Amino acid sequence: MSPDGSKVSIVQMHPDDFPILMILDLEHGSGNLALASTPDGFDLQWCDWANDERLLCGFEAITGGWTLYGVSRLVAVNADGSDMRVLLQHKESRRWQQFQDHVIDWLVEDPRRVLVPEPVERGVALKPLDVYSGQTESAIERLLGSNWWMTDGRGTARLNYYVGEYDERWRYRVAGESKWRELHEWKRTDVQHVYRPVGFGEDPNELFVLKPHDGRVALWSVDLTGAREDALVFSHPQVDLEDVTGIGKYGRLAAVAYETDRPHLHFFDRTTADVSKRLADHFDDKVIEVVDESWDRRYYIAKVGSDRDAGAYYRFDVAQNQLLKISPAYPQLESRALAPVKTIRYPARDGAQIPGYLTLPVGAATPLPTVILPHGGPQARDYWGFDWLAQFIAAKGYAVLQSNYRGSSGYGEGWVGEGGFRAWRTAIADLTDGAAHLVQQGIADPARICVVGWSYGGYAALLSGAEEPERYRCIVSIAGVTDLQMMLNDARYFSNKKEVAEFISRDSDVVDRGSPVNRAPDIRAPVLLFHGDRDINVPVDHSQAMAKALKRKKKNVELVEYEGVEHGLARNRYRIDMLDRIGAFLDAHIGKPAAKN
């Protein structure tokens with residue numbers, strides 16, 4: 001939302017299948033196209049308002065030859081689409097910069113400038129950038145070895161982030177002082193470490209930090225003067241805190257988000273809490289997410305949705321108590337009945353209770369053909385709410401189980417454990433036990449179960465097929481990891497190679513037995529692979545190697561490669577094609593009851 005609340009910027013897909021920026025003038029009921037992705041592969045990713053007239057937008061592309069890597073650029077444009085300019089192209093330092101779309105401070109009191117990072121000799125400087133001319137001024141901050149900056153939201157740098165060969169650290173300075181001091185340090189190979197500064201309080205020397213408490217991520221207050229010990233602000237006894245909501249002109253701390261079986265917000269800001277409550281009273285049984293606020297605190301943008309509602313955006317005028325619908329998130333789903341998502345827990349073989357979500361087709365009778373749908377990551381988790389892939393599968397008539405297996409994030413250090421690669425046997429066993437639980441409960445037809453996954457989920461799908469060849473009738477891997485040795489080899493060319501090795505492990509039980517490409521002889525079910533050829537998260541080589549390994553063993557496998565797209569396959573035509581193929585694949589293998597002998 002523009003600072004005055006009169007306009008809204010929306011990034012959406014053009015009918016010709018590329019991201020564009022639309023500006024809606026809510027006062028006059030009009031809209032216009034302001035900016036679009038470029039034919040050379042730079043896709044529009046985000047936009048925000050520098051002032052009531054001008055926006056800054058981030059573009060990303062995948063480039064490189066035998067090694068692909070991502071780059072980003074920053075573009076300025078007026079709301080009416082005029083005076084578009086690519087920024088930071090002629091830099092004082094003349095040093096090549098991979099990522100250029102970062103804004104450290106929006107300098108809300110200065111409509112012409114923002115603060116951006118810029119590479120200099122042995123570090124990253126903090127410089128003012130003119131959003132109209134594109135010129136940068138002399139650095140206001142420069143610190144040897146710096147990699148990142150954090151300001152107080154009013155133009156003063158207060159935190160500095162450093163990455164060395166062996167360690168990482170945060171440095172700080174007390175308000176009004178110039179001296180930098182050490183705040184927090186940890187080893188780069190400590191891949192489970194959590195210490196994330198998220199903002200300042202009304203006291204300029206109060207820093208809010210997300211870090212552990214009793215093994216779970218919590219919100220802490222840190223006094224930078226050292227006058228008191230760190231104070232616990234909020235924690236939850238079962239789950240990690242996910243993130244904080246900063247809102248308004250200066251990004252004040254409004255709430256902290258966490259998820260048990262459903263999403264929750266713990267509010268610190270009375271105004272935002274009141275807006276959320278008023279909207280919740282109006283939209284019964286919906287999840288309310290307040291996402292933006294006009295600078296005068298009159299207008300708010302909120303997303304309203306649920307498991308059976310893909311969501312819509314509204315502007316709420318608190319002065320007039322008026323609600324204006326801006327746009328649905330998925331216009332074509334507005335009139336379609338979606339499947340309810342039920343939270344469940346099921347017992348693992350060692351007695352652990354595994355949390356998850358079960359989506360059942362509307363009006364279907366059990367037992368049902370079923371899809372096990374492990375999430376990616378592995379240090380991620382599934383959430384209650386709308387999920388387009390799960391809803392598609394349910395709409396085809398299949399039950400869908402999304403398990404937050406051990407190795408998932410969100411449930412504390414103990415649940416993450418050694419992670420989904422090092423402890424792959426535990427993660428795969430948890431998925432297997434979920435399928436067995438649905439059979440035992442009479443929900444799943446034991447003869448009609450498939451497993452589908454994306455990224456690490458694709459890895460888990462393939463390994464599940466290798467570990468449980470009699471259980472699954474088909475396997476789908478989307479951009480899946482298949483060869484852990486390949487991941488270790490690829491990391492040799494990057495600065496985080498030690499972290500990757502620590503995250504994956506070099507143990508043979510992990511690298512050899514835990515690599516699906518080495519388990520091709522054990523897989524009996526038909527396999528369908530999807531991959532984008534510009535994937536830098538998981539290179540397409542993984543699916544190509546898997547397809548070759550399966551073909552050598554005379555297995556039933558098909559590989560679908562999509563041209564010019566990355567890990568998320570973020571083109572409608574490819575996603576539609578993929579869903580059509582997945583639907584037909586499931587129908588062919590579990591769509592009908594198995595024939596009886």
# chains A, B, ... in the order shown; residues from 1 in each chain; ligands from 1
>>> residues_around(residues="A:Val439", least_positions_apart="6", cutoff="9 Å", atoms="only C-alpha atoms", output="ChimeraX atom specification")
/A:367,445-446
>>> write_last_selection(atoms="N, CA, C and O atoms", output="mmCIF file, in the first residue's frame")
data_model
loop_
_atom_site.group_PDB
_atom_site.id
_atom_site.type_symbol
_atom_site.label_atom_id
_atom_site.label_comp_id
_atom_site.auth_asym_id
_atom_site.auth_seq_id
_atom_site.Cartn_x
_atom_site.Cartn_y
_atom_site.Cartn_z
ATOM 1 N N PRO A 367 -12.523 -46.508 2.259
ATOM 2 C CA PRO A 367 -11.115 -46.125 2.103
ATOM 3 C C PRO A 367 -10.849 -45.501 0.732
ATOM 4 O O PRO A 367 -11.497 -45.846 -0.255
ATOM 5 N N ASP A 445 -6.794 -46.801 1.160
ATOM 6 C CA ASP A 445 -6.822 -48.131 0.562
ATOM 7 C C ASP A 445 -5.370 -48.602 0.445
ATOM 8 O O ASP A 445 -4.565 -47.974 -0.253
ATOM 9 N N PRO A 446 -4.985 -49.672 1.134
ATOM 10 C CA PRO A 446 -3.567 -50.086 1.140
ATOM 11 C C PRO A 446 -3.017 -50.433 -0.237
ATOM 12 O O PRO A 446 -1.800 -50.395 -0.441
#
>>> residues_around(residues="A:Gly458", least_positions_apart="6", cutoff="6 Å", atoms="only C-alpha atoms", output="ChimeraX atom specification")
/A:477-478,480
>>> write_last_selection(atoms="C-alpha atoms", output="PDB file, in the first residue's frame")
ATOM      1  CA  SER A 477       9.569 -36.290  -7.709  1.00  0.00           C
ATOM      2  CA  ILE A 478       9.499 -32.577  -8.585  1.00  0.00           C
ATOM      3  CA  GLY A 480      14.075 -33.628  -6.225  1.00  0.00           C
TER       4      GLY A 480
END
>>> select_by_dssp(residues="stretch 295-506 of chain A", states="strand (DSSP E or B)", output="short mmCIF file (atom, residue, chain, number, x, y, z; two decimals) with N, CA and C atoms, in the first residue's frame")
data_model
loop_
_atom_site.label_atom_id
_atom_site.label_comp_id
_atom_site.auth_asym_id
_atom_site.auth_seq_id
_atom_site.Cartn_x
_atom_site.Cartn_y
_atom_site.Cartn_z
N TYR A 299 -5.64 3.32 7.13
CA TYR A 299 -5.93 2.21 6.22
C TYR A 299 -5.01 1.02 6.51
N TYR A 300 -5.60 -0.18 6.33
CA TYR A 300 -4.85 -1.41 6.54
C TYR A 300 -5.14 -2.36 5.38
N ILE A 301 -4.11 -3.09 4.98
CA ILE A 301 -4.30 -4.18 4.02
C ILE A 301 -4.26 -5.49 4.80
N ALA A 302 -5.23 -6.34 4.55
CA ALA A 302 -5.29 -7.64 5.22
C ALA A 302 -5.57 -8.74 4.21
N LYS A 303 -4.94 -9.89 4.43
CA LYS A 303 -5.27 -11.08 3.66
C LYS A 303 -6.17 -11.96 4.52
N VAL A 304 -7.26 -12.42 3.94
CA VAL A 304 -8.24 -13.23 4.65
C VAL A 304 -8.41 -14.55 3.91
N GLY A 305 -8.22 -15.68 4.60
CA GLY A 305 -8.34 -16.97 3.94
C GLY A 305 -8.47 -18.09 4.95
N SER A 306 -8.44 -19.33 4.44
CA SER A 306 -8.53 -20.51 5.30
C SER A 306 -8.09 -21.72 4.49
N ASP A 309 -10.38 -21.71 1.53
CA ASP A 309 -10.47 -20.40 0.89
C ASP A 309 -9.05 -19.96 0.55
N ALA A 310 -8.75 -19.84 -0.75
CA ALA A 310 -7.40 -19.49 -1.19
C ALA A 310 -6.99 -18.09 -0.80
N GLY A 311 -7.93 -17.30 -0.31
CA GLY A 311 -7.58 -15.99 0.24
C GLY A 311 -7.91 -14.83 -0.68
N ALA A 312 -8.14 -13.68 -0.07
CA ALA A 312 -8.38 -12.44 -0.79
C ALA A 312 -7.81 -11.30 0.02
N TYR A 313 -7.47 -10.21 -0.68
CA TYR A 313 -6.91 -9.03 -0.04
C TYR A 313 -7.96 -7.93 0.08
N TYR A 314 -7.95 -7.26 1.23
CA TYR A 314 -8.92 -6.20 1.52
C TYR A 314 -8.19 -4.97 2.05
N ARG A 315 -8.80 -3.79 1.79
CA ARG A 315 -8.37 -2.59 2.48
C ARG A 315 -9.44 -2.23 3.50
N PHE A 316 -9.00 -2.03 4.74
CA PHE A 316 -9.90 -1.70 5.82
C PHE A 316 -9.66 -0.25 6.23
N ASP A 317 -10.71 0.55 6.16
CA ASP A 317 -10.68 1.95 6.58
C ASP A 317 -11.20 2.00 8.02
N GLN A 322 -15.03 0.80 6.99
CA GLN A 322 -15.39 0.31 5.66
C GLN A 322 -14.35 -0.70 5.17
N LEU A 323 -14.85 -1.74 4.52
CA LEU A 323 -14.01 -2.81 4.01
C LEU A 323 -14.13 -2.85 2.49
N LEU A 324 -13.01 -2.77 1.79
CA LEU A 324 -12.99 -2.79 0.34
C LEU A 324 -12.20 -3.99 -0.14
N LYS A 325 -12.85 -4.86 -0.93
CA LYS A 325 -12.14 -6.02 -1.46
C LYS A 325 -11.26 -5.58 -2.62
N ILE A 326 -9.99 -5.93 -2.53
CA ILE A 326 -9.04 -5.54 -3.58
C ILE A 326 -8.94 -6.61 -4.65
N SER A 327 -8.64 -7.83 -4.23
CA SER A 327 -8.45 -8.90 -5.22
C SER A 327 -8.36 -10.25 -4.53
N PRO A 328 -8.92 -11.30 -5.13
CA PRO A 328 -8.67 -12.65 -4.63
C PRO A 328 -7.26 -13.08 -5.03
N VAL A 341 -9.08 -29.20 5.42
CA VAL A 341 -7.79 -29.72 5.90
C VAL A 341 -7.90 -29.98 7.40
N LYS A 342 -7.67 -31.21 7.78
CA LYS A 342 -7.79 -31.62 9.18
C LYS A 342 -6.40 -31.80 9.79
N THR A 343 -6.20 -31.30 10.99
CA THR A 343 -4.95 -31.53 11.69
C THR A 343 -5.00 -32.90 12.37
N ILE A 344 -3.90 -33.64 12.27
CA ILE A 344 -3.86 -34.97 12.86
C ILE A 344 -2.51 -35.19 13.56
N ARG A 345 -2.46 -36.19 14.38
CA ARG A 345 -1.22 -36.73 14.93
C ARG A 345 -1.32 -38.25 14.85
N TYR A 346 -0.21 -38.86 14.47
CA TYR A 346 -0.21 -40.32 14.37
C TYR A 346 1.05 -40.88 15.02
N PRO A 347 1.01 -42.12 15.50
CA PRO A 347 2.16 -42.69 16.20
C PRO A 347 3.22 -43.21 15.24
N GLN A 353 4.80 -38.95 18.49
CA GLN A 353 3.57 -38.51 17.85
C GLN A 353 3.91 -37.52 16.74
N ILE A 354 3.60 -37.87 15.51
CA ILE A 354 3.99 -37.08 14.34
C ILE A 354 2.82 -36.17 13.94
N PRO A 355 3.04 -34.85 13.94
CA PRO A 355 1.96 -33.94 13.53
C PRO A 355 1.85 -33.86 12.01
N GLY A 356 0.66 -33.61 11.54
CA GLY A 356 0.47 -33.49 10.10
C GLY A 356 -0.90 -32.96 9.76
N TYR A 357 -1.18 -32.96 8.46
CA TYR A 357 -2.45 -32.44 7.94
C TYR A 357 -3.03 -33.43 6.94
N LEU A 358 -4.32 -33.67 7.07
CA LEU A 358 -5.01 -34.62 6.21
C LEU A 358 -6.08 -33.88 5.43
N THR A 359 -5.99 -33.96 4.11
CA THR A 359 -6.98 -33.35 3.23
C THR A 359 -7.77 -34.46 2.55
N LEU A 368 -9.88 -44.60 0.72
CA LEU A 368 -9.60 -43.79 -0.46
C LEU A 368 -8.22 -44.08 -1.04
N PRO A 369 -8.09 -43.90 -2.36
CA PRO A 369 -6.73 -43.84 -2.90
C PRO A 369 -6.04 -42.64 -2.26
N THR A 370 -4.77 -42.76 -1.95
CA THR A 370 -4.10 -41.79 -1.08
C THR A 370 -2.74 -41.38 -1.62
N VAL A 371 -2.41 -40.11 -1.39
CA VAL A 371 -1.10 -39.58 -1.75
C VAL A 371 -0.40 -39.09 -0.49
N ILE A 372 0.81 -39.58 -0.26
CA ILE A 372 1.68 -39.07 0.80
C ILE A 372 2.47 -37.92 0.18
N ALA A 399 -7.09 -38.81 -1.08
CA ALA A 399 -6.73 -38.30 0.24
C ALA A 399 -5.27 -37.86 0.19
N VAL A 400 -4.94 -36.83 0.95
CA VAL A 400 -3.57 -36.29 0.95
C VAL A 400 -3.09 -36.17 2.39
N LEU A 401 -1.93 -36.79 2.68
CA LEU A 401 -1.31 -36.65 3.99
C LEU A 401 -0.04 -35.83 3.86
N GLN A 402 0.02 -34.73 4.62
CA GLN A 402 1.21 -33.89 4.71
C GLN A 402 1.76 -34.02 6.12
N SER A 403 2.92 -34.65 6.22
CA SER A 403 3.49 -34.98 7.52
C SER A 403 4.64 -34.04 7.86
N ARG A 406 10.06 -35.95 11.52
CA ARG A 406 11.24 -35.47 12.24
C ARG A 406 12.33 -35.06 11.25
N SER A 408 11.82 -31.82 10.33
CA SER A 408 11.10 -30.60 10.01
C SER A 408 11.43 -29.51 11.02
N ALA A 444 -7.16 -44.88 4.12
CA ALA A 444 -6.42 -45.17 2.89
C ALA A 444 -6.63 -46.61 2.45
N ASP A 445 -6.79 -46.80 1.16
CA ASP A 445 -6.82 -48.13 0.56
C ASP A 445 -5.37 -48.60 0.45
N PRO A 446 -4.98 -49.67 1.13
CA PRO A 446 -3.57 -50.09 1.14
C PRO A 446 -3.02 -50.43 -0.24
N ALA A 447 -3.89 -50.76 -1.17
CA ALA A 447 -3.44 -51.13 -2.51
C ALA A 447 -3.36 -49.92 -3.44
N ARG A 448 -3.70 -48.73 -2.93
CA ARG A 448 -3.72 -47.54 -3.80
C ARG A 448 -3.09 -46.34 -3.08
N ILE A 449 -1.78 -46.42 -2.88
CA ILE A 449 -1.05 -45.32 -2.23
C ILE A 449 0.13 -44.93 -3.12
N CYS A 450 0.26 -43.64 -3.37
CA CYS A 450 1.42 -43.08 -4.09
C CYS A 450 2.08 -42.03 -3.22
N VAL A 451 3.29 -41.65 -3.59
CA VAL A 451 4.03 -40.64 -2.84
C VAL A 451 4.53 -39.58 -3.83
N VAL A 452 4.29 -38.31 -3.49
CA VAL A 452 4.61 -37.17 -4.36
C VAL A 452 5.35 -36.13 -3.53
N GLY A 453 6.45 -35.58 -4.06
CA GLY A 453 7.18 -34.57 -3.31
C GLY A 453 7.96 -33.62 -4.19
N TRP A 454 8.27 -32.44 -3.62
CA TRP A 454 8.99 -31.38 -4.33
C TRP A 454 10.28 -31.08 -3.57
N CYS A 474 3.10 -45.70 -7.07
CA CYS A 474 3.73 -44.76 -7.99
C CYS A 474 4.46 -43.69 -7.20
N ILE A 475 5.43 -43.04 -7.86
CA ILE A 475 6.29 -42.04 -7.22
C ILE A 475 6.40 -40.85 -8.15
N VAL A 476 6.24 -39.64 -7.58
CA VAL A 476 6.46 -38.40 -8.34
C VAL A 476 7.49 -37.57 -7.58
N SER A 477 8.54 -37.16 -8.28
CA SER A 477 9.57 -36.29 -7.71
C SER A 477 9.66 -35.03 -8.55
N ILE A 478 9.42 -33.87 -7.91
CA ILE A 478 9.50 -32.58 -8.59
C ILE A 478 10.76 -31.87 -8.09
#
>>> atom_distance(atom1="atom CA of A:Leu87", atom2="atom CA of A:Ser37")
15.6 Å
>>> closest_residue(among="A:Asp25, A:Glu566, A:Glu53, A:Glu60", to="A:Thr38", atoms="only C-alpha atoms")
A:Glu60
>>> select_by_dssp(residues="stretch 413-548 of chain A", states="alpha helix (DSSP H)", output="number ranges by chain")
A: 413-416, 419-422, 424-440, 456-467, 484-491, 497-504, 508-511, 541-548
>>> closest_residue(among="A:Asp509, A:Leu144, A:Thr366, A:Phe392", to="A:Leu438", atoms="only C-alpha atoms")
A:Thr366
>>> atom_distance(atom1="atom CA of A:Ile536", atom2="atom CA of A:Ala257")
29.8 Å
>>> residues_around(residues="A:Phe267", least_positions_apart="4", cutoff="12 Å", atoms="only C-alpha atoms", output="PDB file with N, CA and C atoms, in the first residue's frame")
ATOM      1  N   VAL A 233      10.801 -12.267  26.018  1.00  0.00           N
ATOM      2  CA  VAL A 233       9.593 -11.491  25.724  1.00  0.00           C
ATOM      3  C   VAL A 233       8.405 -12.420  25.501  1.00  0.00           C
ATOM      4  N   PHE A 234       8.608 -13.448  24.658  1.00  0.00           N
ATOM      5  CA  PHE A 234       7.507 -14.381  24.393  1.00  0.00           C
ATOM      6  C   PHE A 234       8.083 -15.678  23.867  1.00  0.00           C
ATOM      7  N   VAL A 244       8.412 -12.229  13.007  1.00  0.00           N
ATOM      8  CA  VAL A 244       7.742 -11.078  13.605  1.00  0.00           C
ATOM      9  C   VAL A 244       7.117 -10.241  12.498  1.00  0.00           C
ATOM     10  N   THR A 245       6.069  -9.506  12.839  1.00  0.00           N
ATOM     11  CA  THR A 245       5.414  -8.589  11.919  1.00  0.00           C
ATOM     12  C   THR A 245       5.822  -7.168  12.272  1.00  0.00           C
ATOM     13  N   GLY A 246       6.498  -6.518  11.341  1.00  0.00           N
ATOM     14  CA  GLY A 246       6.807  -5.097  11.483  1.00  0.00           C
ATOM     15  C   GLY A 246       5.870  -4.317  10.586  1.00  0.00           C
ATOM     16  N   ILE A 247       5.289  -3.242  11.065  1.00  0.00           N
ATOM     17  CA  ILE A 247       4.250  -2.570  10.301  1.00  0.00           C
ATOM     18  C   ILE A 247       4.354  -1.064  10.468  1.00  0.00           C
ATOM     19  N   ARG A 252       7.291  -0.723  13.140  1.00  0.00           N
ATOM     20  CA  ARG A 252       7.253  -1.073  14.562  1.00  0.00           C
ATOM     21  C   ARG A 252       6.836  -2.531  14.754  1.00  0.00           C
ATOM     22  N   LEU A 253       7.323  -3.121  15.821  1.00  0.00           N
ATOM     23  CA  LEU A 253       7.000  -4.503  16.131  1.00  0.00           C
ATOM     24  C   LEU A 253       5.523  -4.618  16.487  1.00  0.00           C
ATOM     25  N   ALA A 254       4.769  -5.371  15.690  1.00  0.00           N
ATOM     26  CA  ALA A 254       3.331  -5.484  15.906  1.00  0.00           C
ATOM     27  C   ALA A 254       2.927  -6.828  16.499  1.00  0.00           C
ATOM     28  N   ALA A 255       3.569  -7.904  16.043  1.00  0.00           N
ATOM     29  CA  ALA A 255       3.159  -9.236  16.499  1.00  0.00           C
ATOM     30  C   ALA A 255       4.254 -10.235  16.184  1.00  0.00           C
ATOM     31  N   VAL A 256       4.171 -11.381  16.835  1.00  0.00           N
ATOM     32  CA  VAL A 256       5.046 -12.498  16.519  1.00  0.00           C
ATOM     33  C   VAL A 256       4.160 -13.677  16.138  1.00  0.00           C
ATOM     34  N   ALA A 257       4.561 -14.395  15.091  1.00  0.00           N
ATOM     35  CA  ALA A 257       3.747 -15.480  14.552  1.00  0.00           C
ATOM     36  C   ALA A 257       4.302 -16.838  14.971  1.00  0.00           C
ATOM     37  N   TYR A 258       3.392 -17.781  15.228  1.00  0.00           N
ATOM     38  CA  TYR A 258       3.778 -19.161  15.485  1.00  0.00           C
ATOM     39  C   TYR A 258       2.623 -20.048  15.058  1.00  0.00           C
ATOM     40  N   THR A 271      -3.024  -1.286  18.269  1.00  0.00           N
ATOM     41  CA  THR A 271      -3.767  -0.896  17.065  1.00  0.00           C
ATOM     42  C   THR A 271      -3.927  -2.071  16.110  1.00  0.00           C
ATOM     43  N   THR A 272      -2.821  -2.767  15.845  1.00  0.00           N
ATOM     44  CA  THR A 272      -2.873  -3.910  14.929  1.00  0.00           C
ATOM     45  C   THR A 272      -3.742  -5.029  15.500  1.00  0.00           C
ATOM     46  N   ALA A 273      -3.665  -5.240  16.798  1.00  0.00           N
ATOM     47  CA  ALA A 273      -4.498  -6.262  17.434  1.00  0.00           C
ATOM     48  C   ALA A 273      -5.978  -5.931  17.280  1.00  0.00           C
ATOM     49  N   ASP A 274      -6.325  -4.657  17.421  1.00  0.00           N
ATOM     50  CA  ASP A 274      -7.721  -4.234  17.299  1.00  0.00           C
ATOM     51  C   ASP A 274      -8.218  -4.425  15.874  1.00  0.00           C
ATOM     52  N   VAL A 275      -7.391  -4.057  14.890  1.00  0.00           N
ATOM     53  CA  VAL A 275      -7.777  -4.255  13.489  1.00  0.00           C
ATOM     54  C   VAL A 275      -7.992  -5.733  13.202  1.00  0.00           C
ATOM     55  N   SER A 276      -7.077  -6.576  13.664  1.00  0.00           N
ATOM     56  CA  SER A 276      -7.190  -8.012  13.438  1.00  0.00           C
ATOM     57  C   SER A 276      -8.461  -8.572  14.069  1.00  0.00           C
ATOM     58  N   LYS A 277      -8.777  -8.122  15.282  1.00  0.00           N
ATOM     59  CA  LYS A 277      -9.975  -8.615  15.960  1.00  0.00           C
ATOM     60  C   LYS A 277     -11.249  -8.180  15.237  1.00  0.00           C
ATOM     61  N   GLU A 289      -4.546 -11.948   8.295  1.00  0.00           N
ATOM     62  CA  GLU A 289      -3.147 -11.520   8.273  1.00  0.00           C
ATOM     63  C   GLU A 289      -3.090 -10.049   7.871  1.00  0.00           C
ATOM     64  N   VAL A 290      -2.791  -9.183   8.832  1.00  0.00           N
ATOM     65  CA  VAL A 290      -2.650  -7.752   8.538  1.00  0.00           C
ATOM     66  C   VAL A 290      -1.262  -7.544   7.959  1.00  0.00           C
TER      67      VAL A 290
END
>>> atom_distance(atom1="atom CA of A:Leu126", atom2="atom CA of A:Ile104")
8.2 Å
>>> residues_around(residues="stretch 1-13 of chain A", least_positions_apart="4", cutoff="6 Å", atoms="only C-alpha atoms", output="list in words")
Asp17, Phe18, Pro19, Ile20, Leu21, Met22, Ile23, Leu24, Asp25, Leu26, Glu27, Trp49, Asp52, Ser294, Trp295 and Tyr299 of chain A
>>> write_last_selection(atoms="C-alpha atoms", output="short mmCIF file (atom, residue, chain, number, x, y, z; two decimals), in the first residue's frame")
data_model
loop_
_atom_site.label_atom_id
_atom_site.label_comp_id
_atom_site.auth_asym_id
_atom_site.auth_seq_id
_atom_site.Cartn_x
_atom_site.Cartn_y
_atom_site.Cartn_z
CA ASP A 17 2.68 -15.93 -18.40
CA PHE A 18 5.20 -13.51 -16.93
CA PRO A 19 5.08 -11.41 -13.71
CA ILE A 20 3.88 -7.81 -13.95
CA LEU A 21 3.25 -4.90 -11.59
CA MET A 22 -0.28 -3.54 -11.46
CA ILE A 23 -1.20 -0.37 -9.60
CA LEU A 24 -4.75 -0.01 -8.29
CA ASP A 25 -6.00 3.48 -7.45
CA LEU A 26 -8.54 2.71 -4.75
CA GLU A 27 -9.87 6.27 -4.58
CA TRP A 49 6.80 2.23 -2.21
CA ASP A 52 3.46 8.07 -2.71
CA SER A 294 -0.85 3.60 5.83
CA TRP A 295 1.45 6.05 7.56
CA TYR A 299 -5.93 2.21 6.22
#
>>> closest_residue(among="A:Leu210, A:Val194, A:Leu389, A:Leu107", to="A:Gly251", atoms="only C-alpha atoms")
A:Leu107
>>> closest_residue(among="A:Tyr405, A:Trp384, A:Tyr166, A:Tyr398", to="A:Ala352", atoms="only C-alpha atoms")
A:Tyr405
>>> closest_residue(among="A:Thr432, A:Val108, A:Trp180, A:Glu202", to="A:Glu141", atoms="only C-alpha atoms")
A:Trp180
>>> decode(residues="stretch 243-255 of chain A", atoms="N, CA, C and O atoms", output="PDB file, in the first residue's frame")
ATOM      1  N   ASP A 243       8.210 -15.845  12.987  1.00  0.00           N
ATOM      2  CA  ASP A 243       8.670 -14.554  12.466  1.00  0.00           C
ATOM      3  C   ASP A 243       7.959 -13.452  13.223  1.00  0.00           C
ATOM      4  O   ASP A 243       7.016 -13.704  13.979  1.00  0.00           O
ATOM      5  N   VAL A 244       8.412 -12.229  13.007  1.00  0.00           N
ATOM      6  CA  VAL A 244       7.742 -11.078  13.605  1.00  0.00           C
ATOM      7  C   VAL A 244       7.117 -10.241  12.498  1.00  0.00           C
ATOM      8  O   VAL A 244       7.557 -10.270  11.344  1.00  0.00           O
ATOM      9  N   THR A 245       6.069  -9.506  12.839  1.00  0.00           N
ATOM     10  CA  THR A 245       5.414  -8.589  11.919  1.00  0.00           C
ATOM     11  C   THR A 245       5.822  -7.168  12.272  1.00  0.00           C
ATOM     12  O   THR A 245       5.560  -6.695  13.376  1.00  0.00           O
ATOM     13  N   GLY A 246       6.498  -6.518  11.341  1.00  0.00           N
ATOM     14  CA  GLY A 246       6.807  -5.097  11.483  1.00  0.00           C
ATOM     15  C   GLY A 246       5.870  -4.317  10.586  1.00  0.00           C
ATOM     16  O   GLY A 246       5.640  -4.692   9.427  1.00  0.00           O
ATOM     17  N   ILE A 247       5.289  -3.242  11.065  1.00  0.00           N
ATOM     18  CA  ILE A 247       4.250  -2.570  10.301  1.00  0.00           C
ATOM     19  C   ILE A 247       4.354  -1.064  10.468  1.00  0.00           C
ATOM     20  O   ILE A 247       4.916  -0.556  11.447  1.00  0.00           O
ATOM     21  N   GLY A 248       3.820  -0.342   9.493  1.00  0.00           N
ATOM     22  CA  GLY A 248       3.736   1.104   9.602  1.00  0.00           C
ATOM     23  C   GLY A 248       4.964   1.827   9.092  1.00  0.00           C
ATOM     24  O   GLY A 248       5.895   1.249   8.544  1.00  0.00           O
ATOM     25  N   LYS A 249       4.973   3.106   9.314  1.00  0.00           N
ATOM     26  CA  LYS A 249       5.989   3.991   8.767  1.00  0.00           C
ATOM     27  C   LYS A 249       7.391   3.572   9.170  1.00  0.00           C
ATOM     28  O   LYS A 249       8.310   3.574   8.348  1.00  0.00           O
ATOM     29  N   TYR A 250       7.576   3.214  10.430  1.00  0.00           N
ATOM     30  CA  TYR A 250       8.901   2.853  10.919  1.00  0.00           C
ATOM     31  C   TYR A 250       9.052   1.356  11.184  1.00  0.00           C
ATOM     32  O   TYR A 250      10.019   0.928  11.802  1.00  0.00           O
ATOM     33  N   GLY A 251       8.096   0.576  10.712  1.00  0.00           N
ATOM     34  CA  GLY A 251       8.187  -0.869  10.884  1.00  0.00           C
ATOM     35  C   GLY A 251       8.164  -1.317  12.320  1.00  0.00           C
ATOM     36  O   GLY A 251       8.894  -2.237  12.714  1.00  0.00           O
ATOM     37  N   ARG A 252       7.291  -0.723  13.140  1.00  0.00           N
ATOM     38  CA  ARG A 252       7.253  -1.073  14.562  1.00  0.00           C
ATOM     39  C   ARG A 252       6.836  -2.531  14.754  1.00  0.00           C
ATOM     40  O   ARG A 252       6.086  -3.092  13.944  1.00  0.00           O
ATOM     41  N   LEU A 253       7.323  -3.121  15.821  1.00  0.00           N
ATOM     42  CA  LEU A 253       7.000  -4.503  16.131  1.00  0.00           C
ATOM     43  C   LEU A 253       5.523  -4.618  16.487  1.00  0.00           C
ATOM     44  O   LEU A 253       5.064  -4.028  17.469  1.00  0.00           O
ATOM     45  N   ALA A 254       4.769  -5.371  15.690  1.00  0.00           N
ATOM     46  CA  ALA A 254       3.331  -5.484  15.906  1.00  0.00           C
ATOM     47  C   ALA A 254       2.927  -6.828  16.499  1.00  0.00           C
ATOM     48  O   ALA A 254       2.041  -6.894  17.346  1.00  0.00           O
ATOM     49  N   ALA A 255       3.569  -7.904  16.043  1.00  0.00           N
ATOM     50  CA  ALA A 255       3.159  -9.236  16.499  1.00  0.00           C
ATOM     51  C   ALA A 255       4.254 -10.235  16.184  1.00  0.00           C
ATOM     52  O   ALA A 255       5.138  -9.989  15.366  1.00  0.00           O
TER      53      ALA A 255
END
